[in-house]
Amino acid sequence: MEVSLLNPDAGNQKGLKFSEALLEQNCSEEHRNLAEKINELKKRKNAIILGHFYQRPEVQEVSDFIGDSLALAQKAVNTSADIILMAGVHFMAETVKLLNPSKTVLIPCIDAGCSLADSCKAADLKKFIDENPGHTVISYVNTTNEIKALSDIICTSSNAVQIVKSLLADEKIIFGPDRNLGTFVSKQTGRQMLLWNGACHVHRRFSASRIAELKSKYPDALVLAHPECQADVLDISDFVGSTAAILKFVNSSDCKTFIVSTEPGILHQMQKANSDKQFIPAPPDDAQLSCNECEYMKMITLENIYQTLSAESPEVTVDEQIREAALRPVQRMLEISSKLGI
Ligand code: 13P
Ligand code: SF4
């Protein structure tokens, strides 16, 4: 059965909800066979798969742990596996390697990048820091190791507000690279920050006017958004949070319908835990499209996971000098998060 991931009504043609259609689409015989082979390889090689919420449903199903970018980094510290395969994008695999230099860290597709990480080059950030001396540099985890090495502290969307609040009230802050997350954190904390002008090409595409149209069709629906969305989308949202926070909100809410303004891979876990609730992927500003995928996240497939685990390649490597400098701000983030119970 063919169901376009870009068409939330596709499932309705068969009387299925969008996420049920996703599940059906991804339970093919071929997927089941590959999943079996992957599970056998994991056992034989003492390997684990860490998967992000934006992964394809069938990839989430072969993952040993699924989480947001903070939880994936935390999990990477506490694993006894010899091989860690990151079912996510490159910066996530690099972060795992920073934390586990002696382990084999694999990424099934070397091109699985991130437009947000690409929006901030090390030479440009260095210039910005030099032009604005005396600032504490907070960088979002969606960055290269070179950017992390220039930073004082790393944050994710799960802990950005608390990380900023943990700094002294008069500390001057540079925050990057996501201007939307930076603006959101600034509003939440009341702190002025110098913002890097970067954005995620997926999240900046969500359209407040199209969400408002959907809201008039589903007046009881709650609108949920990731803080990488533009301010006008966040302003009309009922809840703003990281992927893990959005999922937690849905699981504990009595509401039955949700409009979800983040990458629709998250719908898989939402629907699995809440079969009585309806999840509608928020549309992007392009009227031709009904939902909004991260093509980098979707580069990871069962096929390339199987090949990567078999060949133990491509492997993620990190220059040792960069590693030392990049590790410090990541550890600082993990320490603050652990103290605050995040
Ligand atoms: P989370 O930190 O919520 O997992 O988000 C990561 C990301 O890439 C969002 O686009
Ligand atoms: Fe990067 Fe955006 Fe994809 Fe997240 S959704 S990995 S920020 S490009």
# chains A, B, ... in the order shown; residues from 1 in each chain; ligands from 1
$ residues_around --residues "region 38-52 of chain A" --least-positions-apart "3" --cutoff "9 Å" --atoms "only C-alpha atoms" --output "PyMOL selection string"
chain A and resi 33-35+55+59-60+62-69+72+75-76+79-89+265-266+297+302+305-306+309-310
$ residues_near_ligand --ligand "ligand 1" --cutoff "8 Å" --atoms "only C-alpha atoms and all ligand atoms" --output "PyMOL selection string"
chain A and resi 52-53+67-70+114+141-142+156-158+200+202-203+226+228+241-245+262-263
$ atom_distance --atom1 "CA of Ile246 (chain A)" --atom2 "CA of Ser166 (chain A)"
23.0 Å
$ atom_distance --atom1 "CA of Ala169 (chain A)" --atom2 "CA of Asp238 (chain A)"
28.6 Å
$ residues_around --residues "Arg205 (chain A)" --least-positions-apart "2" --cutoff "12 Å" --atoms "only C-alpha atoms" --output "number ranges by chain"
A: 199-203, 207-211, 228-233, 261-263, 282-287, 289-294
$ write_last_selection --atoms "N, CA, C and O atoms" --output "short mmCIF file (atom, residue, chain, number, x, y, z; two decimals), in the first residue's frame"
data_model
loop_
_atom_site.label_atom_id
_atom_site.label_comp_id
_atom_site.auth_asym_id
_atom_site.auth_seq_id
_atom_site.Cartn_x
_atom_site.Cartn_y
_atom_site.Cartn_z
N ALA A 199 18.16 29.43 11.35
CA ALA A 199 16.84 28.81 11.53
C ALA A 199 16.84 27.43 10.88
O ALA A 199 17.68 27.13 10.03
N CYS A 200 15.90 26.61 11.31
CA CYS A 200 15.71 25.28 10.72
C CYS A 200 14.75 25.44 9.55
O CYS A 200 13.67 26.02 9.70
N HIS A 201 15.12 24.90 8.38
CA HIS A 201 14.28 25.08 7.19
C HIS A 201 12.93 24.39 7.34
O HIS A 201 11.97 24.77 6.68
N VAL A 202 12.83 23.38 8.20
CA VAL A 202 11.56 22.68 8.40
C VAL A 202 10.65 23.53 9.31
O VAL A 202 9.51 23.85 8.95
N HIS A 203 11.16 23.92 10.44
CA HIS A 203 10.30 24.60 11.42
C HIS A 203 9.92 26.02 11.01
O HIS A 203 8.85 26.50 11.36
N SER A 207 3.13 27.54 9.02
CA SER A 207 2.44 28.79 8.71
C SER A 207 1.32 29.05 9.72
O SER A 207 0.40 28.25 9.88
N ALA A 208 1.42 30.20 10.40
CA ALA A 208 0.41 30.56 11.41
C ALA A 208 -0.98 30.65 10.77
O ALA A 208 -1.98 30.22 11.35
N SER A 209 -1.05 31.19 9.53
CA SER A 209 -2.38 31.37 8.93
C SER A 209 -2.99 30.02 8.56
O SER A 209 -4.20 29.80 8.73
N ARG A 210 -2.18 29.09 8.09
CA ARG A 210 -2.73 27.76 7.75
C ARG A 210 -3.10 26.98 9.01
O ARG A 210 -4.05 26.20 9.02
N ILE A 211 -2.35 27.20 10.08
CA ILE A 211 -2.71 26.55 11.35
C ILE A 211 -4.04 27.14 11.85
O ILE A 211 -4.92 26.41 12.32
N GLU A 228 11.50 25.86 17.70
CA GLU A 228 12.20 26.30 16.48
C GLU A 228 11.23 26.95 15.49
O GLU A 228 11.66 27.48 14.46
N CYS A 229 9.91 26.88 15.76
CA CYS A 229 8.95 27.54 14.86
C CYS A 229 9.04 29.05 15.04
O CYS A 229 9.48 29.55 16.08
N GLN A 230 8.56 29.78 14.03
CA GLN A 230 8.57 31.25 14.08
C GLN A 230 7.67 31.76 15.20
O GLN A 230 6.71 31.07 15.59
N ALA A 231 7.94 32.98 15.67
CA ALA A 231 7.20 33.55 16.81
C ALA A 231 5.69 33.59 16.58
O ALA A 231 4.91 33.36 17.51
N ASP A 232 5.24 33.87 15.31
CA ASP A 232 3.78 33.95 15.09
C ASP A 232 3.10 32.59 15.30
O ASP A 232 1.95 32.52 15.74
N VAL A 233 3.83 31.51 15.01
CA VAL A 233 3.28 30.16 15.26
C VAL A 233 3.27 29.89 16.77
O VAL A 233 2.27 29.40 17.32
N SER A 261 2.82 21.10 15.36
CA SER A 261 3.74 21.91 14.55
C SER A 261 5.18 21.53 14.84
O SER A 261 5.95 22.31 15.45
N THR A 262 5.51 20.33 14.45
CA THR A 262 6.91 19.91 14.43
C THR A 262 6.99 18.77 13.42
O THR A 262 5.98 18.41 12.81
N GLU A 263 8.16 18.22 13.24
CA GLU A 263 8.33 17.18 12.22
C GLU A 263 7.38 16.01 12.51
O GLU A 263 7.29 15.55 13.66
N ALA A 282 0.66 19.85 11.39
CA ALA A 282 0.44 21.23 10.94
C ALA A 282 1.04 21.40 9.55
O ALA A 282 2.10 20.84 9.26
N PRO A 283 0.36 22.17 8.69
CA PRO A 283 0.87 22.33 7.32
C PRO A 283 1.93 23.43 7.22
O PRO A 283 1.94 24.38 8.01
N PRO A 284 2.82 23.32 6.24
CA PRO A 284 3.78 24.39 5.99
C PRO A 284 3.16 25.51 5.15
O PRO A 284 2.00 25.39 4.73
N ASP A 285 3.94 26.57 4.86
CA ASP A 285 3.37 27.70 4.12
C ASP A 285 3.16 27.39 2.63
O ASP A 285 2.45 28.10 1.95
N ASP A 286 3.75 26.31 2.14
CA ASP A 286 3.55 25.92 0.73
C ASP A 286 2.20 25.21 0.61
O ASP A 286 2.02 24.11 1.12
N ALA A 287 1.27 25.84 -0.13
CA ALA A 287 -0.11 25.32 -0.20
C ALA A 287 -0.17 23.93 -0.85
O ALA A 287 -1.16 23.22 -0.70
N LEU A 289 1.70 21.46 -0.03
CA LEU A 289 2.11 20.43 0.93
C LEU A 289 1.18 20.42 2.14
O LEU A 289 0.74 21.47 2.60
N SER A 290 0.88 19.21 2.65
CA SER A 290 0.02 19.11 3.82
C SER A 290 0.82 18.90 5.10
O SER A 290 0.32 19.10 6.18
N CYS A 291 2.03 18.42 4.98
CA CYS A 291 2.86 18.35 6.19
C CYS A 291 4.31 18.52 5.83
O CYS A 291 4.66 18.68 4.66
N ASN A 292 5.15 18.46 6.83
CA ASN A 292 6.43 19.13 6.77
C ASN A 292 7.53 18.22 7.30
O ASN A 292 7.72 18.14 8.50
N GLU A 293 8.23 17.55 6.41
CA GLU A 293 9.21 16.58 6.88
C GLU A 293 10.64 17.11 6.83
O GLU A 293 10.96 17.97 6.02
N CYS A 294 11.50 16.55 7.70
CA CYS A 294 12.94 16.83 7.63
C CYS A 294 13.56 15.75 6.77
O CYS A 294 13.66 14.59 7.17
#
$ closest_residue --among "A:Lys172, A:Val223, A:Asn180, A:Asn145" --to "Phe239 (chain A)" --atoms "only C-alpha atoms"
A:Val223
$ residues_around --residues "Gln269 (chain A)" --least-positions-apart "5" --cutoff "10 Å" --atoms "only C-alpha atoms" --output "list in words"
Ser19, Phe53, Tyr54, Pro57, Gln60, Glu61, Ile66, Leu247, Asn251 and Asn274 of chain A
$ closest_residue --among "A:Phe249, A:Trp196, A:Phe258, A:Tyr218" --to "Asp178 (chain A)" --atoms "only C-alpha atoms"
A:Trp196
$ atom_distance --atom1 "CA of His135 (chain A)" --atom2 "CA of Phe175 (chain A)"
9.6 Å
$ closest_residue --among "A:Pro281, A:Gly182, A:Pro219, A:Gly113" --to "ligand 2" --atoms "only C-alpha atoms and all ligand atoms"
A:Gly113
$ select_by_dssp --residues "region 239-273 of chain A" --states "strand (DSSP E or B)" --output "list in words"
Phe239, Val240, Thr257, Phe258, Ile259, Val260 and Ser261 of chain A
$ write_last_selection --atoms "C-alpha atoms" --output "short mmCIF file (atom, residue, chain, number, x, y, z; two decimals), in the first residue's frame"
data_model
loop_
_atom_site.label_atom_id
_atom_site.label_comp_id
_atom_site.auth_asym_id
_atom_site.auth_seq_id
_atom_site.Cartn_x
_atom_site.Cartn_y
_atom_site.Cartn_z
CA PHE A 239 1.91 24.39 24.29
CA VAL A 240 5.52 24.96 23.22
CA THR A 257 -7.36 16.38 19.07
CA PHE A 258 -3.99 18.03 18.50
CA ILE A 259 -2.46 20.07 15.69
CA VAL A 260 1.24 19.28 15.76
CA SER A 261 3.74 21.91 14.55
#
$ select_by_dssp --residues "region 42-230 of chain A" --states "helix (DSSP H, G or I)" --output "PyMOL selection string"
chain A and resi 42-45+57-62+69-77+90-99+115-118+122-131+145-149+160-165+179-189+203-205+208-217
$ residues_around --residues "Tyr140 (chain A)" --least-positions-apart "5" --cutoff "7 Å" --atoms "only C-alpha atoms" --output "list in words"
Ile154, Cys155, Thr156, Gly176 and Pro177 of chain A
$ write_last_selection --atoms "C-alpha atoms" --output "PDB file, in the first residue's frame"
ATOM      1  CA  ILE A 154      25.436  23.775  25.124  1.00  0.00           C
ATOM      2  CA  CYS A 155      21.661  23.536  25.416  1.00  0.00           C
ATOM      3  CA  THR A 156      18.835  21.633  23.769  1.00  0.00           C
ATOM      4  CA  GLY A 176      22.810  30.610  18.638  1.00  0.00           C
ATOM      5  CA  PRO A 177      22.278  29.446  16.073  1.00  0.00           C
TER       6      PRO A 177
END
